[in-house]
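Data block for upload15.txt (compact mmCIF, C-alpha atoms (C1' of nucleotides)):
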# COMPACT_ATOMS: atom_id res chain seq x y z
CA MET A 213 -42.87 27.98 -0.65
CA VAL A 214 -39.44 27.49 0.82
CA TYR A 215 -36.83 26.62 -1.76
CA ASN A 216 -33.95 26.13 0.61
CA LYS A 217 -33.82 22.60 1.86
CA TYR A 218 -31.12 23.52 4.32
CA SER A 219 -30.82 26.31 6.85
CA HIS A 220 -28.62 29.35 6.58
CA SER A 221 -26.37 27.81 9.20
CA GLU A 222 -26.15 24.41 7.54
CA GLU A 223 -25.26 25.96 4.23
CA ASP A 224 -22.57 28.01 5.91
CA TYR A 225 -20.96 24.95 7.44
CA LEU A 226 -21.05 23.06 4.17
CA GLU A 227 -19.53 25.97 2.31
CA ALA A 228 -16.79 26.42 4.89
CA ILE A 229 -15.91 22.73 4.80
CA TYR A 230 -15.84 22.84 1.04
CA LEU A 231 -13.53 25.84 0.90
CA ILE A 232 -11.18 24.51 3.57
CA GLY A 233 -11.09 21.22 1.72
CA LEU A 234 -9.92 22.97 -1.42
CA GLU A 235 -6.79 24.20 0.31
CA ASN A 236 -6.07 21.53 2.88
CA GLU A 237 -5.42 17.82 2.96
CA ALA A 238 -7.86 17.29 5.80
CA VAL A 239 -10.65 19.42 7.24
CA ARG A 240 -10.53 19.60 11.03
CA VAL A 241 -13.10 20.81 13.52
CA LYS A 242 -10.72 23.51 14.59
CA ASP A 243 -10.34 24.86 11.06
CA VAL A 244 -14.07 25.07 10.57
CA ALA A 245 -14.53 26.79 13.92
CA GLN A 246 -11.86 29.30 13.06
CA ALA A 247 -13.20 29.94 9.57
CA MET A 248 -16.70 30.52 10.83
CA GLY A 249 -15.92 32.39 14.00
CA VAL A 250 -17.68 29.91 16.28
CA THR A 251 -16.45 27.57 19.01
CA MET A 252 -15.54 23.93 18.44
CA PRO A 253 -18.56 22.54 20.27
CA SER A 254 -20.77 24.44 17.84
CA VAL A 255 -18.98 22.79 14.95
CA VAL A 256 -19.32 19.37 16.54
CA ALA A 257 -23.05 19.88 16.96
CA ALA A 258 -23.43 21.05 13.39
CA ILE A 259 -21.42 18.14 12.02
CA LYS A 260 -23.53 15.69 13.95
CA SER A 261 -26.67 17.16 12.45
CA LEU A 262 -25.27 17.35 8.92
CA SER A 263 -24.01 13.84 9.27
CA GLY A 264 -27.50 12.66 10.16
CA LYS A 265 -28.69 14.21 6.91
CA GLY A 266 -26.06 12.46 4.89
CA LEU A 267 -24.17 15.60 3.95
CA VAL A 268 -20.89 15.03 5.76
CA GLU A 269 -18.93 12.15 7.20
CA GLN A 270 -16.52 12.10 10.08
CA GLU A 271 -15.05 9.31 12.14
CA GLN A 272 -14.64 10.16 15.82
CA TYR A 273 -11.73 12.53 16.32
CA GLY A 274 -11.06 12.26 12.62
CA SER A 275 -11.29 14.71 9.76
CA ILE A 276 -14.46 15.95 8.14
CA GLU A 277 -15.48 15.06 4.63
CA LEU A 278 -18.38 16.10 2.45
CA THR A 279 -20.49 13.36 0.92
CA ASN A 280 -21.46 13.75 -2.72
CA ALA A 281 -24.75 15.26 -1.64
CA GLY A 282 -22.98 17.64 0.72
CA ASN A 283 -20.54 18.61 -1.96
CA LYS A 284 -23.31 19.46 -4.34
CA VAL A 285 -25.02 21.72 -1.83
CA ALA A 286 -21.74 23.40 -0.95
CA GLN A 287 -20.90 24.05 -4.56
CA ASP A 288 -24.34 25.48 -5.23
CA VAL A 289 -23.99 27.85 -2.30
CA TYR A 290 -20.52 28.83 -3.32
CA LYS A 291 -21.63 29.51 -6.86
CA ARG A 292 -24.34 31.85 -5.61
CA HIS A 293 -21.75 33.46 -3.39
CA GLN A 294 -19.45 34.07 -6.33
CA THR A 295 -22.22 35.50 -8.45
CA LEU A 296 -23.21 37.88 -5.69
CA TYR A 297 -19.64 38.86 -4.97
CA ASP A 298 -19.06 39.63 -8.63
CA LEU A 299 -22.26 41.64 -8.82
CA PHE A 300 -21.46 43.65 -5.73
CA SER A 301 -17.81 44.12 -6.48
CA GLU A 302 -17.49 44.33 -10.24
CA VAL A 303 -20.83 45.76 -11.18
CA LEU A 304 -21.81 47.87 -8.21
CA GLY A 305 -18.20 48.77 -7.50
CA LEU A 306 -18.39 48.12 -3.78
CA GLU A 307 -15.36 47.59 -1.57
CA PRO A 308 -14.22 43.95 -1.48
CA GLU A 309 -15.01 43.67 2.22
CA VAL A 310 -18.56 44.92 1.81
CA ALA A 311 -19.11 42.79 -1.28
CA GLU A 312 -17.85 39.72 0.53
CA ARG A 313 -19.88 40.34 3.66
CA ASP A 314 -23.09 40.92 1.77
CA ALA A 315 -22.53 37.95 -0.52
CA CYS A 316 -22.04 35.74 2.57
CA GLN A 317 -25.39 36.81 3.92
CA VAL A 318 -27.48 36.99 0.81
CA GLU A 319 -26.28 33.72 -0.74
CA HIS A 320 -28.64 31.77 1.50
CA TYR A 321 -31.77 33.53 0.39
CA LEU A 322 -31.74 33.51 -3.39
CA SER A 323 -34.07 31.16 -5.18
CA PRO A 324 -32.35 29.00 -7.79
CA GLU A 325 -33.98 30.93 -10.59
CA THR A 326 -32.91 34.29 -9.20
CA GLY A 327 -29.38 32.95 -8.81
CA ARG A 328 -29.32 31.85 -12.41
CA ARG A 329 -30.63 35.15 -13.68
CA LEU A 330 -28.22 37.19 -11.64
CA SER A 331 -25.39 35.07 -12.88
CA LYS A 332 -26.53 35.64 -16.44
CA MET A 333 -26.70 39.34 -15.82
CA VAL A 334 -23.14 39.51 -14.54
CA GLU A 335 -22.06 37.41 -17.49
CA TYR A 336 -23.91 39.68 -19.85
CA ILE A 337 -22.44 42.84 -18.46
CA ARG A 338 -18.97 41.35 -18.72
CA SER A 339 -19.46 40.32 -22.29
CA CYS A 340 -20.25 43.79 -23.48
CA PRO A 341 -16.80 45.31 -23.94
CA ILE A 342 -15.80 48.20 -26.10
CA GLY A 343 -12.23 47.98 -27.35
CA ASP A 344 -9.80 48.03 -24.47
CA LYS A 345 -12.18 49.97 -22.32
CA GLN A 346 -14.60 48.75 -19.74
CA ALA A 347 -18.00 47.60 -20.85
CA ILE A 348 -20.26 50.41 -21.94
CA PHE A 349 -22.78 49.52 -19.29
CA LEU A 350 -20.24 49.60 -16.51
CA GLU A 351 -18.52 52.70 -17.77
CA ARG A 352 -21.74 54.59 -18.01
CA PHE A 353 -23.18 53.20 -14.79
CA ARG A 354 -20.07 54.11 -12.83
CA GLN A 355 -20.25 57.58 -14.24
CA TYR A 356 -23.84 57.76 -13.10
CA VAL A 357 -22.99 56.60 -9.60
CA LYS A 358 -20.23 59.19 -9.43
CA THR A 359 -21.91 62.21 -10.92
CA GLY A 360 -25.60 61.43 -10.57
CA GLN A 361 -25.89 62.52 -14.20
CA LYS A 362 -28.33 60.31 -16.03
CA PRO A 363 -26.86 59.12 -19.31
CA GLU A 364 -28.26 60.40 -22.56
CA PRO A 365 -30.23 57.88 -24.59
CA CYS A 366 -27.71 55.69 -26.29
CA CYS A 367 -29.41 56.11 -29.63
CA GLY A 368 -27.83 55.67 -32.98
CA CYS A 369 -25.85 52.61 -32.04
CA PRO A 370 -25.72 50.60 -35.27
CA MET A 371 -25.92 47.33 -33.42
CA ASN A 372 -29.53 47.99 -32.49
CA GLU A 373 -30.74 47.46 -36.04
CA ALA A 374 -28.35 44.57 -36.59
CA GLN A 375 -29.77 42.71 -33.58
CA GLU A 376 -33.38 43.33 -34.46
CA GLY A 377 -33.82 40.00 -36.23
CA LEU A 378 -32.57 37.73 -33.44
CA MET B 142 -19.19 43.99 11.35
CA VAL B 143 -22.93 43.66 11.59
CA TYR B 144 -24.76 46.52 9.97
CA ASN B 145 -28.25 45.45 10.88
CA LYS B 146 -29.20 46.76 14.24
CA TYR B 147 -32.35 44.69 14.21
CA SER B 148 -32.98 41.04 13.48
CA HIS B 149 -34.56 39.61 10.39
CA SER B 150 -37.67 38.92 12.41
CA GLU B 151 -37.86 42.36 13.99
CA GLU B 152 -37.53 44.01 10.61
CA ASP B 153 -40.29 41.80 9.27
CA TYR B 154 -42.67 42.82 12.03
CA LEU B 155 -41.91 46.49 11.59
CA GLU B 156 -42.41 46.27 7.85
CA ALA B 157 -45.69 44.39 8.24
CA ILE B 158 -47.00 46.93 10.74
CA TYR B 159 -45.96 49.73 8.45
CA LEU B 160 -47.70 48.23 5.43
CA ILE B 161 -50.88 47.38 7.31
CA GLY B 162 -50.89 50.90 8.72
CA LEU B 163 -50.87 52.33 5.21
CA GLU B 164 -54.17 50.68 4.40
CA ASN B 165 -55.98 50.52 7.72
CA GLU B 166 -57.10 52.91 10.38
CA ALA B 167 -55.68 50.74 13.16
CA VAL B 168 -53.17 47.92 13.19
CA ARG B 169 -54.34 44.93 15.22
CA VAL B 170 -52.44 41.93 16.49
CA LYS B 171 -54.63 39.73 14.38
CA ASP B 172 -53.79 41.60 11.18
CA VAL B 173 -50.09 41.32 11.79
CA ALA B 174 -50.38 37.62 12.56
CA GLN B 175 -52.33 37.05 9.39
CA ALA B 176 -49.97 39.10 7.25
CA MET B 177 -46.92 37.30 8.54
CA GLY B 178 -48.31 33.81 8.74
CA VAL B 179 -47.66 33.41 12.47
CA THR B 180 -49.93 33.01 15.48
CA MET B 181 -51.11 35.85 17.66
CA PRO B 182 -48.97 34.92 20.65
CA SER B 183 -45.92 35.27 18.42
CA VAL B 184 -46.99 38.76 17.50
CA VAL B 185 -47.62 39.67 21.12
CA ALA B 186 -44.14 38.51 22.05
CA ALA B 187 -42.58 40.42 19.17
CA ILE B 188 -44.49 43.59 20.01
CA LYS B 189 -43.37 43.39 23.61
CA SER B 190 -39.77 43.15 22.51
CA LEU B 191 -40.05 45.91 19.91
CA SER B 192 -41.83 48.06 22.43
CA GLY B 193 -38.92 47.61 24.82
CA LYS B 194 -36.65 48.94 22.09
CA GLY B 195 -38.83 51.96 21.49
CA LEU B 196 -39.90 50.95 18.02
CA VAL B 197 -43.61 50.40 18.57
CA GLU B 198 -46.28 51.40 21.05
CA GLN B 199 -49.41 49.60 22.08
CA GLU B 200 -51.76 49.99 24.98
CA GLN B 201 -53.08 46.71 26.37
CA TYR B 202 -55.65 45.23 24.04
CA GLY B 203 -55.26 48.29 21.86
CA SER B 204 -53.91 48.88 18.41
CA ILE B 205 -50.27 48.89 17.43
CA GLU B 206 -48.40 51.99 16.34
CA LEU B 207 -44.90 52.58 15.12
CA THR B 208 -42.82 55.19 16.90
CA ASN B 209 -40.80 57.57 14.77
CA ALA B 210 -37.79 55.33 15.18
CA GLY B 211 -39.80 52.27 14.23
CA ASN B 212 -41.23 54.03 11.25
CA LYS B 213 -37.81 54.91 10.00
CA VAL B 214 -36.59 51.33 10.24
CA ALA B 215 -39.72 50.05 8.53
CA GLN B 216 -39.37 52.50 5.70
CA ASP B 217 -35.73 51.61 5.21
CA VAL B 218 -36.57 47.94 5.01
CA TYR B 219 -39.43 48.58 2.66
CA LYS B 220 -37.25 50.68 0.41
CA ARG B 221 -34.71 47.87 0.14
CA HIS B 222 -37.60 45.54 -0.53
CA GLN B 223 -38.83 47.69 -3.38
CA THR B 224 -35.39 48.00 -4.89
CA LEU B 225 -34.92 44.26 -4.82
CA TYR B 226 -38.36 43.61 -6.18
CA ASP B 227 -37.71 45.97 -9.06
CA LEU B 228 -34.36 44.39 -9.75
CA PHE B 229 -35.74 40.87 -9.72
CA SER B 230 -38.89 41.66 -11.58
CA GLU B 231 -38.07 44.43 -14.03
CA VAL B 232 -34.43 43.77 -14.68
CA LEU B 233 -34.07 40.03 -14.27
CA GLY B 234 -37.56 39.43 -15.60
CA LEU B 235 -38.58 36.99 -12.88
CA GLU B 236 -42.16 36.08 -12.11
CA PRO B 237 -43.78 38.48 -9.62
CA GLU B 238 -44.16 35.73 -7.02
CA VAL B 239 -40.51 34.76 -7.17
CA ALA B 240 -39.38 38.38 -7.19
CA GLU B 241 -41.56 39.12 -4.17
CA ARG B 242 -40.45 36.07 -2.23
CA ASP B 243 -36.78 36.68 -2.82
CA ALA B 244 -37.07 40.38 -2.06
CA CYS B 245 -38.75 39.52 1.26
CA GLN B 246 -35.84 37.33 2.22
CA VAL B 247 -32.91 39.29 0.89
CA GLU B 248 -34.06 42.70 2.11
CA HIS B 249 -32.76 41.93 5.59
CA TYR B 250 -29.22 41.20 4.54
CA LEU B 251 -28.14 44.10 2.37
CA SER B 252 -25.74 46.61 3.80
CA PRO B 253 -26.89 50.20 3.42
CA GLU B 254 -24.25 50.88 0.81
CA THR B 255 -25.21 47.85 -1.26
CA GLY B 256 -28.85 48.87 -1.05
CA ARG B 257 -28.00 52.33 -2.32
CA ARG B 258 -25.93 51.02 -5.19
CA LEU B 259 -28.52 48.50 -6.25
CA SER B 260 -31.13 51.20 -6.20
CA LYS B 261 -28.91 53.35 -8.37
CA MET B 262 -28.43 50.50 -10.77
CA VAL B 263 -32.13 49.95 -11.20
CA GLU B 264 -32.59 53.68 -11.63
CA TYR B 265 -29.81 53.77 -14.18
CA ILE B 266 -31.17 50.91 -16.20
CA ARG B 267 -34.57 52.53 -16.25
CA SER B 268 -33.20 55.85 -17.41
CA CYS B 269 -31.57 54.44 -20.49
CA PRO B 270 -34.46 54.31 -22.94
CA ILE B 271 -34.31 54.33 -26.68
CA GLY B 272 -37.34 55.90 -28.28
CA ASP B 273 -40.50 54.02 -27.43
CA LYS B 274 -38.63 50.81 -26.97
CA GLN B 275 -37.33 49.28 -23.79
CA ALA B 276 -33.93 50.36 -22.54
CA ILE B 277 -31.08 49.05 -24.60
CA PHE B 278 -29.65 47.24 -21.64
CA LEU B 279 -32.87 45.45 -20.85
CA GLU B 280 -33.68 44.69 -24.44
CA ARG B 281 -30.30 43.16 -25.08
CA PHE B 282 -30.09 41.42 -21.72
CA ARG B 283 -33.49 39.80 -22.19
CA GLN B 284 -32.39 38.63 -25.61
CA TYR B 285 -29.31 37.15 -24.02
CA VAL B 286 -31.32 35.34 -21.34
CA LYS B 287 -33.61 33.97 -24.03
CA THR B 288 -31.15 32.95 -26.69
CA GLY B 289 -27.87 32.68 -24.82
CA GLN B 290 -26.40 34.69 -27.68
CA LYS B 291 -23.87 37.16 -26.34
CA PRO B 292 -24.42 40.61 -27.77
CA GLU B 293 -21.93 42.07 -30.19
CA PRO B 294 -19.87 44.95 -28.82
CA CYS B 295 -22.06 47.97 -28.89
CA CYS B 296 -19.39 50.05 -30.56
CA GLY B 297 -19.96 53.08 -32.68
CA CYS B 298 -22.53 54.59 -30.36
CA PRO B 299 -22.02 58.34 -30.80
CA MET B 300 -22.81 58.99 -27.16
CA ASN B 301 -19.60 57.34 -26.09
CA GLU B 302 -17.49 60.22 -27.32
CA ALA B 303 -20.01 62.79 -26.20
CA GLN B 304 -19.87 61.49 -22.60
CA GLU B 305 -16.08 61.28 -22.48
CA GLY B 306 -15.64 64.71 -20.94
CA LEU B 307 -17.93 64.21 -17.92
C1' DG C 116 6.34 4.02 27.19
C1' DA C 117 4.97 8.31 30.27
C1' DG C 118 3.69 12.95 30.27
C1' DC C 119 1.70 16.78 28.19
C1' DA C 120 -0.36 20.03 25.01
C1' DA C 121 -3.67 20.50 21.55
C1' DA C 122 -7.83 18.95 19.44
C1' DG C 123 -12.24 16.94 19.94
C1' DT C 124 -16.26 15.79 22.61
C1' DT C 125 -19.96 15.92 26.09
C1' DA C 126 -23.02 18.16 29.25
C1' DG C 127 -25.72 21.70 30.33
C1' DA C 128 -27.39 26.39 29.76
C1' DC C 129 -29.24 30.27 27.21
C1' DG C 130 -31.70 33.47 23.88
C1' DA C 131 -34.53 34.01 19.89
C1' DG C 132 -38.58 32.87 17.78
C1' DT C 133 -42.05 29.94 17.32
C1' DC C 134 -46.11 26.99 18.80
C1' DT C 135 -50.56 25.10 21.54
C1' DA C 136 -53.70 25.43 25.26
C1' DA C 137 -55.82 28.05 28.56
C1' DT C 138 -57.25 32.46 30.31
C1' DT C 139 -58.84 37.32 30.22
C1' DA C 140 -60.68 41.55 28.21
C1' DG C 141 -63.76 44.02 25.06
C1' DA C 142 -67.56 44.56 22.11
C1' DT C 143 -72.17 43.44 20.80
C1' DG C 144 -76.89 42.06 20.58
C1' DA C 145 -80.91 40.24 23.06
C1' DT D 19 -77.03 43.95 31.92
C1' DC D 20 -75.72 39.89 30.81
C1' DA D 21 -74.40 36.11 27.50
C1' DT D 22 -71.51 35.27 24.01
C1' DC D 23 -68.09 35.70 20.57
C1' DT D 24 -63.80 37.40 19.12
C1' DA D 25 -59.39 39.37 19.99
C1' DA D 26 -55.56 39.61 23.02
C1' DT D 27 -52.75 37.75 26.44
C1' DT D 28 -50.31 34.50 29.44
C1' DA D 29 -48.11 30.19 30.47
C1' DG D 30 -45.37 26.77 29.17
C1' DA D 31 -43.00 23.98 25.80
C1' DC D 32 -40.07 23.19 21.76
C1' DT D 33 -36.29 23.82 18.13
C1' DC D 34 -32.17 25.87 16.52
C1' DG D 35 -27.83 27.54 17.07
C1' DT D 36 -24.87 29.15 20.07
C1' DC D 37 -21.91 29.32 24.38
C1' DT D 38 -18.76 27.79 28.68
C1' DA D 39 -16.81 24.37 31.46
C1' DA D 40 -15.31 19.96 32.05
C1' DC D 41 -13.75 15.75 30.23
C1' DT D 42 -11.42 12.48 26.75
C1' DT D 43 -8.57 11.29 22.98
C1' DT D 44 -4.64 11.90 20.05
C1' DG D 45 -0.14 12.55 18.94
C1' DC D 46 4.34 14.31 19.97
C1' DT D 47 8.53 14.59 22.86
C1' DC D 48 11.67 12.93 25.87

Rewrite the structure from the file as structure tokens, please.
Amino acid sequence: MVYNKYSHSEEDYLEAIYLIGLENEAVRVKDVAQAMGVTMPSVVAAIKSLSGKGLVEQEQYGSIELTNAGNKVAQDVYKRHQTLYDLFSEVLGLEPEVAERDACQVEHYLSPETGRRLSKMVEYIRSCPIGDKQAIFLERFRQYVKTGQKPEPCCGCPMNEAQEGL
Amino acid sequence: MVYNKYSHSEEDYLEAIYLIGLENEAVRVKDVAQAMGVTMPSVVAAIKSLSGKGLVEQEQYGSIELTNAGNKVAQDVYKRHQTLYDLFSEVLGLEPEVAERDACQVEHYLSPETGRRLSKMVEYIRSCPIGDKQAIFLERFRQYVKTGQKPEPCCGCPMNEAQEGL
DNA sequence: GAGCAAAGTTAGACGAGTCTAATTAGATGA
DNA sequence: TCATCTAATTAGACTCGTCTAACTTTGCTC
């Protein structure tokens, strides 16, 4: 029933550690606290718990490191995050701040299959360009968002017949 | 920063009460507990809290009713739920159970603007039919999910020029 | 090497949301 | 009208994730 092995909060910590690790030599409690907008004791408690689950390692007063398992979870979460951000920003055309905020929240609640499909959809929409212009889908969808005018049926496109056999 | 006035849990209770109310004369604690997979004391506690916020009303040992405010919240949540379900099911082609489960989770974390845009997207995709066949977008996207074959540019569609002026 | 500031940790509390066990109210049939 | 069953409630406990306040360690500076 539940597909997420780890809680919203745990995933958030792992993701934050992962992202800080990409840009810094060492990941410190303070950095994580700052990145997540919580206090250091909260980070310490979270690290202790994650450590017990074999997802992170830290020697006392030392820097924080993801284990292989922790890294995998973090990357999964981040991938979902990216997919959602792209969907919200590129496809829906939302402001970066809104797209980011929503992606941060929603990333924890997508089943793996839904994540994969969404990712495919974003990929698909991107791969549908027309000359130098934006993808037909996006161009027409944006128009629709702006004007409320439903697009005419896109009939007569020669590619429809060509694709029939696939 | 936070756009949800009410917690995940509160929204869930309101939505459940709303949905039970659609099909039953009276909404009882037991029904809500059953629908949500929690025990009755949990429902009682939730109702007390929601009541304090003016979202539901209940006389002791009586049936539960949404106030106008509560009804509005419930309908908002349910609308997001429906949009997500349609996206996951119709557009992404996920199994009903997965679509439902994910919609239930994600519905609580969409900003209003994102909800509106997603709804527009689903609407847009639906309104793009070609003859008796499924919408071009869906038809081609499904093909892509199935085969991994990226679609050729859909150039030459006469509607492109026709829409230019909008 | 001593002193000090910053970072990390520990202890203890709190709120949200849940549970079990025990109690109370309401409805129903003999 | 009273016995009984079911629904609702209360009491009390637990987990999770957070906080503040107090303490300890580390590392830098003189």

(request) Write out as a list in words each polymer residue whose atoms come within 9 Å of segment 306-317 of chain A, counting only C-alpha atoms (C1' of nucleotides); drop sequence neighbours fewer than 2 positions from it. (result) His220, Asp224, Arg292, His293, Gln294, Thr295, Leu296, Tyr297, Asp298, Leu299, Phe300, Ser301, Glu302, Val303, Leu304, Glu319, His320 and Tyr321 of chain A; Met142, Val247, Tyr250, Leu251, Ser252, Glu254, Thr255 and Arg258 of chain B

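The shortest atom-to-atom distance to chain D, with all atoms listed in the file taken into account, belongs to B:Asp172 out of B:Asp217, B:Glu198, B:Asp172, B:Glu280.
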
(request) For Gln216 of chain B, please output as a ChimeraX atom specification all residues within 9 Å (counting all atoms listed in the file; exclusion window: fewer than 6 positions along the same chain). (result) /B:155-156,159

Using all atoms listed in the file, determine which residues lie at most 12 Å from DT38 of chain D, disregarding the query and same-chain residues fewer than 3 positions distant; provide the list as an mmCIF file with C-alpha atoms (C1' of nucleotides), in the frame of the given file.
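Result went into part_38.cif, see below:
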data_model
loop_
_atom_site.group_PDB
_atom_site.id
_atom_site.type_symbol
_atom_site.label_atom_id
_atom_site.label_comp_id
_atom_site.auth_asym_id
_atom_site.auth_seq_id
_atom_site.Cartn_x
_atom_site.Cartn_y
_atom_site.Cartn_z
ATOM 1 C CA THR A 251 -16.450 27.570 19.010
ATOM 2 C CA MET A 252 -15.540 23.930 18.440
ATOM 3 C CA PRO A 253 -18.560 22.540 20.270
ATOM 4 C CA SER A 254 -20.770 24.440 17.840
ATOM 5 C "C1'" DA C 126 -23.020 18.160 29.250
ATOM 6 C "C1'" DG C 127 -25.720 21.700 30.330
ATOM 7 C "C1'" DA C 128 -27.390 26.390 29.760
ATOM 8 C "C1'" DC C 129 -29.240 30.270 27.210
#

Once you count all atoms listed in the file, what closest atom pair and distance in Å to one decimal does each residue of chain B within 9 Å of chain D have, with rows by chain and rising residue number, as CSV?
residue,atom,partner,partner_atom,distance
B:Arg169,CA,D:DA25,C1',8.9
B:Val170,CA,D:DA26,C1',7.6
B:Lys171,CA,D:DA25,C1',7.4
B:Met181,CA,D:DA26,C1',7.9
B:Pro182,CA,D:DT27,C1',7.5
B:Val185,CA,D:DT27,C1',7.6
B:Gln201,CA,D:DA26,C1',8.2
B:Tyr202,CA,D:DA26,C1',5.7
B:Gly203,CA,D:DA26,C1',8.8

Please return the centre and edge lengths, in Å to one decimal, of a box with edges along x, y and z that contains all listed atoms of segment 275-285 of chain A, widened by 6 Å on every side, as AutoDock Vina command-line options.
--center_x -18.2 --center_y 17.5 --center_z 2.7 --size_x 25.7 --size_y 20.4 --size_z 26.1

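The gap separating atom CA of Ser219 of chain A from atom CA of Lys146 of chain B is 21.8 Å, in Å to one decimal.
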
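Taking atom CA of Gly193 of chain B and atom CA of Leu160 of chain B as the two end points, the separation is 21.3 Å.
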
(request) Can you work out which one of A:Val357, A:Lys284, A:Lys260, A:Glu277 has the shortest atom-to-atom distance to chain C, counting only C-alpha atoms (C1' of nucleotides)? (result) A:Lys260

(request) Identify every residue of chain C that has at least one atom within 12 Å of any atom of chain A, counting all atoms listed in the file, and report the result as JSON, numbers by chain. (result) {"C": [121, 122, 123, 124, 125, 126]}

Take the residues just selected and output them with C-alpha atoms (C1' of nucleotides) as a PDB file, keeping the file's coordinate frame.
ATOM      1  C1'  DA C 121      -3.670  20.500  21.550  1.00  0.00           C
ATOM      2  C1'  DA C 122      -7.830  18.950  19.440  1.00  0.00           C
ATOM      3  C1'  DG C 123     -12.240  16.940  19.940  1.00  0.00           C
ATOM      4  C1'  DT C 124     -16.260  15.790  22.610  1.00  0.00           C
ATOM      5  C1'  DT C 125     -19.960  15.920  26.090  1.00  0.00           C
ATOM      6  C1'  DA C 126     -23.020  18.160  29.250  1.00  0.00           C
TER       7       DA C 126
END
